[in-house]
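Asks: Below is the file data_1.cif, with mmCIF, C-alpha atoms; chains and numbers go by the auth columns.
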```cif
data_run
loop_
_atom_site.group_PDB
_atom_site.id
_atom_site.type_symbol
_atom_site.label_atom_id
_atom_site.label_comp_id
_atom_site.label_asym_id
_atom_site.label_seq_id
_atom_site.Cartn_x
_atom_site.Cartn_y
_atom_site.Cartn_z
_atom_site.B_iso_or_equiv
_atom_site.auth_seq_id
_atom_site.auth_asym_id
ATOM 1 C CA MET A 1 10.962 1.115 3.062 0.00 15 A
ATOM 2 C CA SER A 2 7.232 0.795 2.812 0.00 16 A
ATOM 3 C CA THR A 3 4.717 3.452 3.742 0.00 17 A
ATOM 4 C CA ASP A 4 2.275 0.735 4.893 0.00 18 A
ATOM 5 C CA GLY A 5 3.713 0.931 8.413 0.00 19 A
ATOM 6 C CA PHE A 6 2.388 4.464 8.600 0.00 20 A
ATOM 7 C CA LEU A 7 -1.208 3.421 8.077 0.00 21 A
ATOM 8 C CA TRP A 8 -3.222 4.094 11.191 0.00 22 A
ATOM 9 C CA SER A 9 -3.936 0.878 13.109 0.00 23 A
ATOM 10 C CA ASN A 10 -7.201 -0.961 12.473 0.00 24 A
ATOM 11 C CA ALA A 11 -8.354 0.107 15.942 0.00 25 A
ATOM 12 C CA VAL A 12 -7.822 3.787 15.115 0.00 26 A
ATOM 13 C CA LEU A 13 -9.367 3.424 11.661 0.00 27 A
ATOM 14 C CA SER A 14 -12.408 1.648 13.141 0.00 28 A
ATOM 15 C CA GLU A 15 -12.766 4.327 15.796 0.00 29 A
ATOM 16 C CA HIS A 16 -12.827 7.000 13.069 0.00 30 A
ATOM 17 C CA GLY A 17 -15.072 5.013 10.701 0.00 31 A
ATOM 18 C CA THR A 18 -12.372 4.823 8.020 0.00 32 A
ATOM 19 C CA LEU A 19 -11.370 1.135 8.081 0.00 33 A
ATOM 20 C CA THR A 20 -13.092 0.528 4.733 0.00 34 A
ATOM 21 C CA ARG A 21 -10.993 3.348 3.279 0.00 35 A
ATOM 22 C CA LYS A 22 -7.654 1.868 4.365 0.00 36 A
ATOM 23 C CA GLY A 23 -5.013 3.068 1.918 0.00 37 A
ATOM 24 C CA TRP A 24 -6.745 6.385 1.239 0.00 38 A
ATOM 25 C CA PRO A 25 -4.729 9.522 2.126 0.00 39 A
ATOM 26 C CA GLU A 26 -6.576 10.167 5.399 0.00 40 A
ATOM 27 C CA THR A 27 -5.740 6.679 6.702 0.00 41 A
ATOM 28 C CA TYR A 28 -2.007 7.376 6.940 0.00 42 A
ATOM 29 C CA ASP A 29 -0.067 9.009 9.730 0.00 43 A
ATOM 30 C CA GLN A 30 1.350 11.601 7.341 0.00 44 A
ATOM 31 C CA ASP A 31 3.078 13.523 10.119 0.00 45 A
ATOM 32 C CA GLY A 32 4.820 10.362 11.325 0.00 46 A
ATOM 33 C CA LEU A 33 5.898 9.485 7.791 0.00 47 A
ATOM 34 C CA ARG A 34 7.254 12.984 7.137 0.00 48 A
ATOM 35 C CA ALA A 35 9.092 12.927 10.467 0.00 49 A
ATOM 36 C CA ALA A 36 10.731 9.556 9.722 0.00 50 A
ATOM 37 C CA VAL A 37 11.847 10.635 6.234 0.00 51 A
ATOM 38 C CA SER A 38 13.166 13.927 7.593 0.00 52 A
ATOM 39 C CA ALA A 39 14.970 12.251 10.507 0.00 53 A
ATOM 40 C CA LEU A 40 16.874 9.984 8.110 0.00 54 A
ATOM 41 C CA ARG A 41 18.740 13.022 6.788 0.00 55 A
ATOM 42 C CA THR A 42 20.583 13.413 10.100 0.00 56 A
ATOM 43 C CA GLY A 43 20.386 10.081 11.905 0.00 57 A
ATOM 44 C CA PRO A 44 18.520 6.847 12.466 0.00 58 A
ATOM 45 C CA ALA A 45 14.727 6.810 12.195 0.00 59 A
ATOM 46 C CA MET A 46 12.100 4.341 13.296 0.00 60 A
ATOM 47 C CA PHE A 47 9.830 2.855 10.645 0.00 61 A
ATOM 48 C CA PRO A 48 6.786 0.945 11.891 0.00 62 A
ATOM 49 C CA GLY A 49 5.981 -2.385 10.254 0.00 63 A
ATOM 50 C CA TYR A 50 2.813 -3.655 8.623 0.00 64 A
ATOM 51 C CA SER A 51 1.635 -7.216 8.102 0.00 65 A
ATOM 52 C CA HIS A 52 -0.632 -8.067 5.206 0.00 66 A
ATOM 53 C CA GLY A 53 -1.347 -11.361 6.979 0.00 67 A
ATOM 54 C CA ILE A 54 -3.003 -9.651 9.939 0.00 68 A
ATOM 55 C CA TYR A 55 -3.957 -6.608 7.838 0.00 69 A
ATOM 56 C CA ASP A 56 -2.636 -4.265 10.515 0.00 70 A
ATOM 57 C CA ILE A 57 0.406 -2.648 12.070 0.00 71 A
ATOM 58 C CA ASP A 58 2.717 -5.280 13.555 0.00 72 A
ATOM 59 C CA PRO A 59 5.110 -3.930 16.211 0.00 73 A
ATOM 60 C CA ALA A 60 7.371 -6.959 15.692 0.00 74 A
ATOM 61 C CA LEU A 61 8.087 -5.725 12.158 0.00 75 A
ATOM 62 C CA SER A 62 9.133 -2.204 13.198 0.00 76 A
ATOM 63 C CA ARG A 63 12.758 -1.301 12.694 0.00 77 A
ATOM 64 C CA THR A 64 15.222 1.478 13.147 0.00 78 A
ATOM 65 C CA VAL A 65 16.917 2.485 9.914 0.00 79 A
ATOM 66 C CA ALA A 66 20.293 4.192 9.696 0.00 80 A
ATOM 67 C CA PRO A 67 20.655 7.006 7.180 0.00 81 A
ATOM 68 C CA PRO A 68 21.116 5.306 3.811 0.00 82 A
ATOM 69 C CA ASP A 69 22.921 6.605 0.757 0.00 83 A
ATOM 70 C CA ILE A 70 19.676 6.038 -1.147 0.00 84 A
ATOM 71 C CA LEU A 71 16.236 5.465 0.349 0.00 85 A
ATOM 72 C CA ILE A 72 13.525 3.934 -1.783 0.00 86 A
ATOM 73 C CA LEU A 73 10.200 4.704 -0.152 0.00 87 A
ATOM 74 C CA GLU A 74 7.404 2.571 -1.552 0.00 88 A
ATOM 75 C CA GLY A 75 3.688 2.856 -1.117 0.00 89 A
ATOM 76 C CA LEU A 76 0.470 4.738 -1.471 0.00 90 A
ATOM 77 C CA GLY A 77 0.973 7.017 1.501 0.00 91 A
ATOM 78 C CA LEU A 78 3.863 8.962 0.089 0.00 92 A
ATOM 79 C CA PRO A 79 4.190 12.462 1.456 0.00 93 A
ATOM 80 C CA ASP A 80 4.441 15.403 -0.879 0.00 94 A
ATOM 81 C CA ARG A 81 7.739 16.949 -1.961 0.00 95 A
ATOM 82 C CA SER A 82 7.798 19.115 1.167 0.00 96 A
ATOM 83 C CA ALA A 83 8.780 15.971 3.072 0.00 97 A
ATOM 84 C CA GLY A 84 12.151 15.948 1.338 0.00 98 A
ATOM 85 C CA LEU A 85 11.560 13.517 -1.494 0.00 99 A
ATOM 86 C CA ASP A 86 14.173 14.070 -4.183 0.00 100 A
ATOM 87 C CA LEU A 87 12.682 11.954 -6.953 0.00 101 A
ATOM 88 C CA LEU A 88 9.235 10.483 -7.501 0.00 102 A
ATOM 89 C CA VAL A 89 8.979 7.308 -9.581 0.00 103 A
ATOM 90 C CA TYR A 90 5.454 6.168 -10.396 0.00 104 A
ATOM 91 C CA LEU A 91 4.829 2.527 -11.246 0.00 105 A
ATOM 92 C CA ASP A 92 1.854 2.516 -13.613 0.00 106 A
ATOM 93 C CA ALA A 93 -0.246 -0.359 -14.945 0.00 107 A
ATOM 94 C CA ASP A 94 -3.583 -0.907 -16.640 0.00 108 A
ATOM 95 C CA GLU A 95 -6.516 -1.042 -14.236 0.00 109 A
ATOM 96 C CA THR A 96 -7.456 -4.523 -15.439 0.00 110 A
ATOM 97 C CA ASP A 97 -3.962 -5.822 -14.638 0.00 111 A
ATOM 98 C CA LEU A 98 -4.032 -4.158 -11.221 0.00 112 A
ATOM 99 C CA GLU A 99 -7.396 -5.775 -10.486 0.00 113 A
ATOM 100 C CA ASP A 100 -6.145 -9.204 -11.590 0.00 114 A
ATOM 101 C CA TRP A 101 -2.979 -8.920 -9.481 0.00 115 A
ATOM 102 C CA PHE A 102 -4.993 -7.710 -6.483 0.00 116 A
ATOM 103 C CA ALA A 103 -7.557 -10.528 -6.746 0.00 117 A
ATOM 104 C CA ARG A 104 -4.814 -13.162 -7.072 0.00 118 A
ATOM 105 C CA ARG A 105 -3.011 -11.802 -4.016 0.00 119 A
ATOM 106 C CA PHE A 106 -6.240 -11.681 -2.011 0.00 120 A
ATOM 107 C CA VAL A 107 -6.963 -15.326 -2.886 0.00 121 A
ATOM 108 C CA GLU A 108 -3.377 -16.301 -1.947 0.00 122 A
ATOM 109 C CA PHE A 109 -3.818 -14.700 1.489 0.00 123 A
ATOM 110 C CA TRP A 110 -7.190 -16.472 1.798 0.00 124 A
ATOM 111 C CA ARG A 111 -5.571 -19.837 0.997 0.00 125 A
ATOM 112 C CA ALA A 112 -2.778 -19.213 3.517 0.00 126 A
ATOM 113 C CA ALA A 113 -5.387 -18.428 6.190 0.00 127 A
ATOM 114 C CA GLU A 114 -6.664 -22.010 6.067 0.00 128 A
ATOM 115 C CA HIS A 115 -4.045 -22.950 8.659 0.00 129 A
ATOM 116 C CA ASP A 116 -3.674 -19.551 10.315 0.00 130 A
ATOM 117 C CA PRO A 117 -6.674 -18.512 12.409 0.00 131 A
ATOM 118 C CA ALA A 118 -4.855 -15.265 13.342 0.00 132 A
ATOM 119 C CA SER A 119 -4.850 -14.175 9.708 0.00 133 A
ATOM 120 C CA PHE A 120 -7.174 -11.354 8.755 0.00 134 A
ATOM 121 C CA TYR A 121 -8.252 -13.510 5.823 0.00 135 A
ATOM 122 C CA ALA A 122 -9.455 -16.355 8.085 0.00 136 A
ATOM 123 C CA ARG A 123 -12.775 -14.503 8.357 0.00 137 A
ATOM 124 C CA PHE A 124 -13.363 -15.277 4.665 0.00 138 A
ATOM 125 C CA ARG A 125 -12.698 -19.031 4.975 0.00 139 A
ATOM 126 C CA GLY A 126 -16.465 -19.689 5.008 0.00 140 A
ATOM 127 C CA MET A 127 -16.517 -18.710 1.333 0.00 141 A
ATOM 128 C CA ASN A 128 -15.353 -20.962 -1.440 0.00 142 A
ATOM 129 C CA GLU A 129 -12.587 -19.785 -3.759 0.00 143 A
ATOM 130 C CA PRO A 130 -14.836 -18.431 -6.546 0.00 144 A
ATOM 131 C CA GLU A 131 -16.845 -16.485 -3.946 0.00 145 A
ATOM 132 C CA VAL A 132 -13.664 -15.054 -2.453 0.00 146 A
ATOM 133 C CA GLU A 133 -12.454 -13.928 -5.859 0.00 147 A
ATOM 134 C CA VAL A 134 -15.797 -12.250 -6.628 0.00 148 A
ATOM 135 C CA PHE A 135 -15.688 -10.551 -3.213 0.00 149 A
ATOM 136 C CA ALA A 136 -12.105 -9.395 -3.780 0.00 150 A
ATOM 137 C CA ARG A 137 -12.932 -7.977 -7.209 0.00 151 A
ATOM 138 C CA SER A 138 -16.358 -6.462 -6.595 0.00 152 A
ATOM 139 C CA VAL A 139 -16.175 -5.268 -3.010 0.00 153 A
ATOM 140 C CA VAL A 140 -12.558 -4.766 -2.019 0.00 154 A
ATOM 141 C CA TRP A 141 -11.228 -3.742 -5.418 0.00 155 A
ATOM 142 C CA GLY A 142 -14.341 -2.209 -6.973 0.00 156 A
ATOM 143 C CA GLN A 143 -15.672 -0.316 -3.972 0.00 157 A
ATOM 144 C CA MET A 144 -12.465 0.534 -2.093 0.00 158 A
ATOM 145 C CA ASN A 145 -9.243 0.292 -4.076 0.00 159 A
ATOM 146 C CA LEU A 146 -10.366 1.362 -7.548 0.00 160 A
ATOM 147 C CA PRO A 147 -11.998 4.610 -6.357 0.00 161 A
ATOM 148 C CA ASN A 148 -8.804 5.353 -4.381 0.00 162 A
ATOM 149 C CA LEU A 149 -6.693 4.680 -7.472 0.00 163 A
ATOM 150 C CA ARG A 150 -8.805 6.961 -9.648 0.00 164 A
ATOM 151 C CA GLY A 151 -9.328 9.725 -7.096 0.00 165 A
ATOM 152 C CA ASN A 152 -5.980 9.858 -5.318 0.00 166 A
ATOM 153 C CA ILE A 153 -3.176 7.550 -6.375 0.00 167 A
ATOM 154 C CA ILE A 154 -3.243 8.385 -10.091 0.00 168 A
ATOM 155 C CA LEU A 155 -2.572 12.044 -9.257 0.00 169 A
ATOM 156 C CA ALA A 156 1.019 11.137 -8.368 0.00 170 A
ATOM 157 C CA ARG A 157 1.603 9.952 -11.943 0.00 171 A
ATOM 158 C CA ASP A 158 1.344 13.499 -13.297 0.00 172 A
ATOM 159 C CA ALA A 159 3.703 14.764 -10.591 0.00 173 A
ATOM 160 C CA ALA A 160 6.247 11.964 -11.119 0.00 174 A
ATOM 161 C CA ASP A 161 9.742 12.569 -12.422 0.00 175 A
ATOM 162 C CA ILE A 162 9.776 9.085 -13.941 0.00 176 A
ATOM 163 C CA VAL A 163 6.879 6.841 -14.937 0.00 177 A
ATOM 164 C CA VAL A 164 7.533 3.131 -15.322 0.00 178 A
ATOM 165 C CA ARG A 165 4.816 1.028 -16.957 0.00 179 A
ATOM 166 C CA LYS A 166 4.280 -2.526 -15.806 0.00 180 A
ATOM 167 C CA GLN A 167 2.694 -4.925 -18.277 0.00 181 A
ATOM 168 C CA ALA A 168 0.424 -7.888 -17.498 0.00 182 A
ATOM 169 C CA ASP A 169 3.459 -10.215 -17.687 0.00 183 A
ATOM 170 C CA HIS A 170 5.278 -7.932 -15.172 0.00 184 A
ATOM 171 C CA SER A 171 7.731 -6.637 -17.772 0.00 185 A
ATOM 172 C CA LEU A 172 8.573 -2.964 -17.425 0.00 186 A
ATOM 173 C CA TRP A 173 9.119 -0.045 -19.785 0.00 187 A
ATOM 174 C CA LEU A 174 9.922 3.565 -19.174 0.00 188 A
ATOM 175 C CA ALA A 175 7.277 6.148 -20.024 0.00 189 A
ATOM 176 C CA GLY A 176 7.439 9.914 -19.827 0.00 190 A
ATOM 177 C CA PRO A 177 5.825 11.972 -17.043 0.00 191 A
ATOM 178 C CA GLY A 178 2.057 11.622 -17.042 0.00 192 A
ATOM 179 C CA GLY A 179 2.099 8.036 -18.389 0.00 193 A
#
```
Kindly present the structure from the file in structure tokens form.

Replies:
Amino acid sequence: MSTDGFLWSNAVLSEHGTLTRKGWPETYDQDGLRAAVSALRTGPAMFPGYSHGIYDIDPALSRTVAPPDILILEGLGLPDRSAGLDLLVYLDADETDLEDWFARRFVEFWRAAEHDPASFYARFRGMNEPEVEVFARSVVWGQMNLPNLRGNIILARDAADIVVRKQADHSLWLAGPGG
């Protein structure tokens, strides 16, 4: 399951002036995430859904999950160990690879928005592709995501039980705790 569904909605983030910090710890419904993880120990739990296409919570993607034998919870909004996490695996990569992957994904969403006016990325269709890539790298990555990586996300690497390194070609290798 993804933690993205526990991001506060764009309306809530806008109301609190934190939309440009989406993905930072304060932009997640941590209580809701902890409650869902805890509820899975004894019965079904509801997990809200998130759409990268609309860049917001999408009620149509929400689902009720029965208690699994193993739950893999993915995302930046992971609760701390007090939420009942048994094992923390950190997927690590070089910052330059992360930036490249992010920019490529942003451009892919921008391309897809050409025929989807409901897409969040439709607002960027007035830019050409090189402009969109520069925007993705300098503004979205450089001013929002990279500071979050360095100030918040990376801290989980030192707390991880297992660190897996992802290379530029997407191959993986196992590293020790702390990278």

Asks: As a check of understanding, name the residues that the PyMOL selection byres ((chain A and resi 178) around 7) selects in the supplied structure, as a list in words.

Replies: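 For this structure, the PyMOL selection byres ((chain A and resi 178) around 7) captures Tyr104, Leu105, Asp106, Ile176, Val177, Arg179, Lys180, Leu186, Trp187, Leu188 and Ala189 of chain A.
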
Asks: For A:Ala136, please output as a ChimeraX atom specification all residues within 7 Å (counting all atoms listed in the file; exclusion window: fewer than 4 positions along the same chain).

Replies: /A:124,127-128,130-131

Asks: Pull out every residue that the PyMOL selection byres ((chain A and resi 110) around 12) matches in the shown coordinates and put them as a PyMOL selection string.

Replies: chain A and resi 106-109+111-117+151+155-156+160+180-182

Asks: Interatomic distance between atom CA of A:Thr32 and atom CA of A:Arg48?

Replies: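 Answer for the atom CA of A:Thr32 to atom CA of A:Arg48 separation: 21.3 Å.
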
Asks: Considering only C-alpha atoms, state which residue in the set A:Met15, A:Gln44, A:Gly67, A:Pro161 is at the smallest distance from A:Glu88.

Replies: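 That would be A:Met15, the residue with the smallest distance to A:Glu88.
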
Asks: Generate N, CA and C atoms for stretch 41-67 of chain A and emit them as an mmCIF file, in the frame of the given file.

Replies:
```cif
data_model
loop_
_atom_site.group_PDB
_atom_site.id
_atom_site.type_symbol
_atom_site.label_atom_id
_atom_site.label_comp_id
_atom_site.auth_asym_id
_atom_site.auth_seq_id
_atom_site.Cartn_x
_atom_site.Cartn_y
_atom_site.Cartn_z
ATOM 1 N N THR A 41 -5.967 7.837 5.839
ATOM 2 C CA THR A 41 -5.740 6.679 6.702
ATOM 3 C C THR A 41 -4.269 6.484 7.056
ATOM 4 N N TYR A 42 -3.434 7.428 6.637
ATOM 5 C CA TYR A 42 -2.007 7.376 6.940
ATOM 6 C C TYR A 42 -1.641 8.411 7.989
ATOM 7 N N ASP A 43 -0.669 8.062 8.804
ATOM 8 C CA ASP A 43 -0.067 9.009 9.730
ATOM 9 C C ASP A 43 0.960 9.812 8.933
ATOM 10 N N GLN A 44 0.483 10.808 8.212
ATOM 11 C CA GLN A 44 1.350 11.601 7.341
ATOM 12 C C GLN A 44 2.429 12.332 8.130
ATOM 13 N N ASP A 45 2.084 12.821 9.310
ATOM 14 C CA ASP A 45 3.078 13.523 10.119
ATOM 15 C C ASP A 45 4.195 12.565 10.538
ATOM 16 N N GLY A 46 3.828 11.356 10.938
ATOM 17 C CA GLY A 46 4.820 10.362 11.325
ATOM 18 C C GLY A 46 5.719 9.968 10.167
ATOM 19 N N LEU A 47 5.125 9.836 8.988
ATOM 20 C CA LEU A 47 5.898 9.485 7.791
ATOM 21 C C LEU A 47 6.864 10.609 7.429
ATOM 22 N N ARG A 48 6.375 11.847 7.429
ATOM 23 C CA ARG A 48 7.254 12.984 7.137
ATOM 24 C C ARG A 48 8.401 13.070 8.147
ATOM 25 N N ALA A 49 8.073 12.846 9.423
ATOM 26 C CA ALA A 49 9.092 12.927 10.467
ATOM 27 C C ALA A 49 10.163 11.847 10.275
ATOM 28 N N ALA A 50 9.762 10.639 9.921
ATOM 29 C CA ALA A 50 10.731 9.556 9.722
ATOM 30 C C ALA A 50 11.632 9.850 8.525
ATOM 31 N N VAL A 51 11.049 10.315 7.428
ATOM 32 C CA VAL A 51 11.847 10.635 6.234
ATOM 33 C C VAL A 51 12.806 11.781 6.550
ATOM 34 N N SER A 52 12.328 12.788 7.237
ATOM 35 C CA SER A 52 13.166 13.927 7.593
ATOM 36 C C SER A 52 14.287 13.521 8.547
ATOM 37 N N ALA A 53 13.974 12.679 9.531
ATOM 38 C CA ALA A 53 14.970 12.251 10.507
ATOM 39 C C ALA A 53 16.111 11.477 9.861
ATOM 40 N N LEU A 54 15.833 10.763 8.785
ATOM 41 C CA LEU A 54 16.874 9.984 8.110
ATOM 42 C C LEU A 54 17.978 10.855 7.523
ATOM 43 N N ARG A 55 17.715 12.115 7.335
ATOM 44 C CA ARG A 55 18.740 13.022 6.788
ATOM 45 C C ARG A 55 19.880 13.262 7.790
ATOM 46 N N THR A 56 19.574 13.101 9.081
ATOM 47 C CA THR A 56 20.583 13.413 10.100
ATOM 48 C C THR A 56 20.904 12.250 11.031
ATOM 49 N N GLY A 57 20.122 11.200 10.996
ATOM 50 C CA GLY A 57 20.386 10.081 11.905
ATOM 51 C C GLY A 57 19.374 8.973 11.716
ATOM 52 N N PRO A 58 19.442 7.976 12.577
ATOM 53 C CA PRO A 58 18.520 6.847 12.466
ATOM 54 C C PRO A 58 17.066 7.286 12.671
ATOM 55 N N ALA A 59 16.159 6.542 12.049
ATOM 56 C CA ALA A 59 14.727 6.810 12.195
ATOM 57 C C ALA A 59 13.994 5.490 12.339
ATOM 58 N N MET A 60 12.905 5.531 13.086
ATOM 59 C CA MET A 60 12.100 4.341 13.296
ATOM 60 C C MET A 60 10.995 4.269 12.244
ATOM 61 N N PHE A 61 10.885 3.106 11.621
ATOM 62 C CA PHE A 61 9.830 2.855 10.645
ATOM 63 C C PHE A 61 8.959 1.731 11.176
ATOM 64 N N PRO A 62 7.673 2.005 11.423
ATOM 65 C CA PRO A 62 6.786 0.945 11.891
ATOM 66 C C PRO A 62 6.554 -0.094 10.794
ATOM 67 N N GLY A 63 6.195 -1.302 11.208
ATOM 68 C CA GLY A 63 5.981 -2.385 10.254
ATOM 69 C C GLY A 63 4.508 -2.720 10.095
ATOM 70 N N TYR A 64 4.185 -3.281 8.953
ATOM 71 C CA TYR A 64 2.813 -3.655 8.623
ATOM 72 C C TYR A 64 2.804 -5.097 8.144
ATOM 73 N N SER A 65 1.794 -5.833 8.542
ATOM 74 C CA SER A 65 1.635 -7.216 8.102
ATOM 75 C C SER A 65 0.377 -7.346 7.258
ATOM 76 N N HIS A 66 0.542 -7.809 6.030
ATOM 77 C CA HIS A 66 -0.632 -8.067 5.206
ATOM 78 C C HIS A 66 -1.385 -9.290 5.718
ATOM 79 N N GLY A 67 -0.695 -10.179 6.413
ATOM 80 C CA GLY A 67 -1.347 -11.361 6.979
ATOM 81 C C GLY A 67 -2.381 -11.008 8.029
#
```
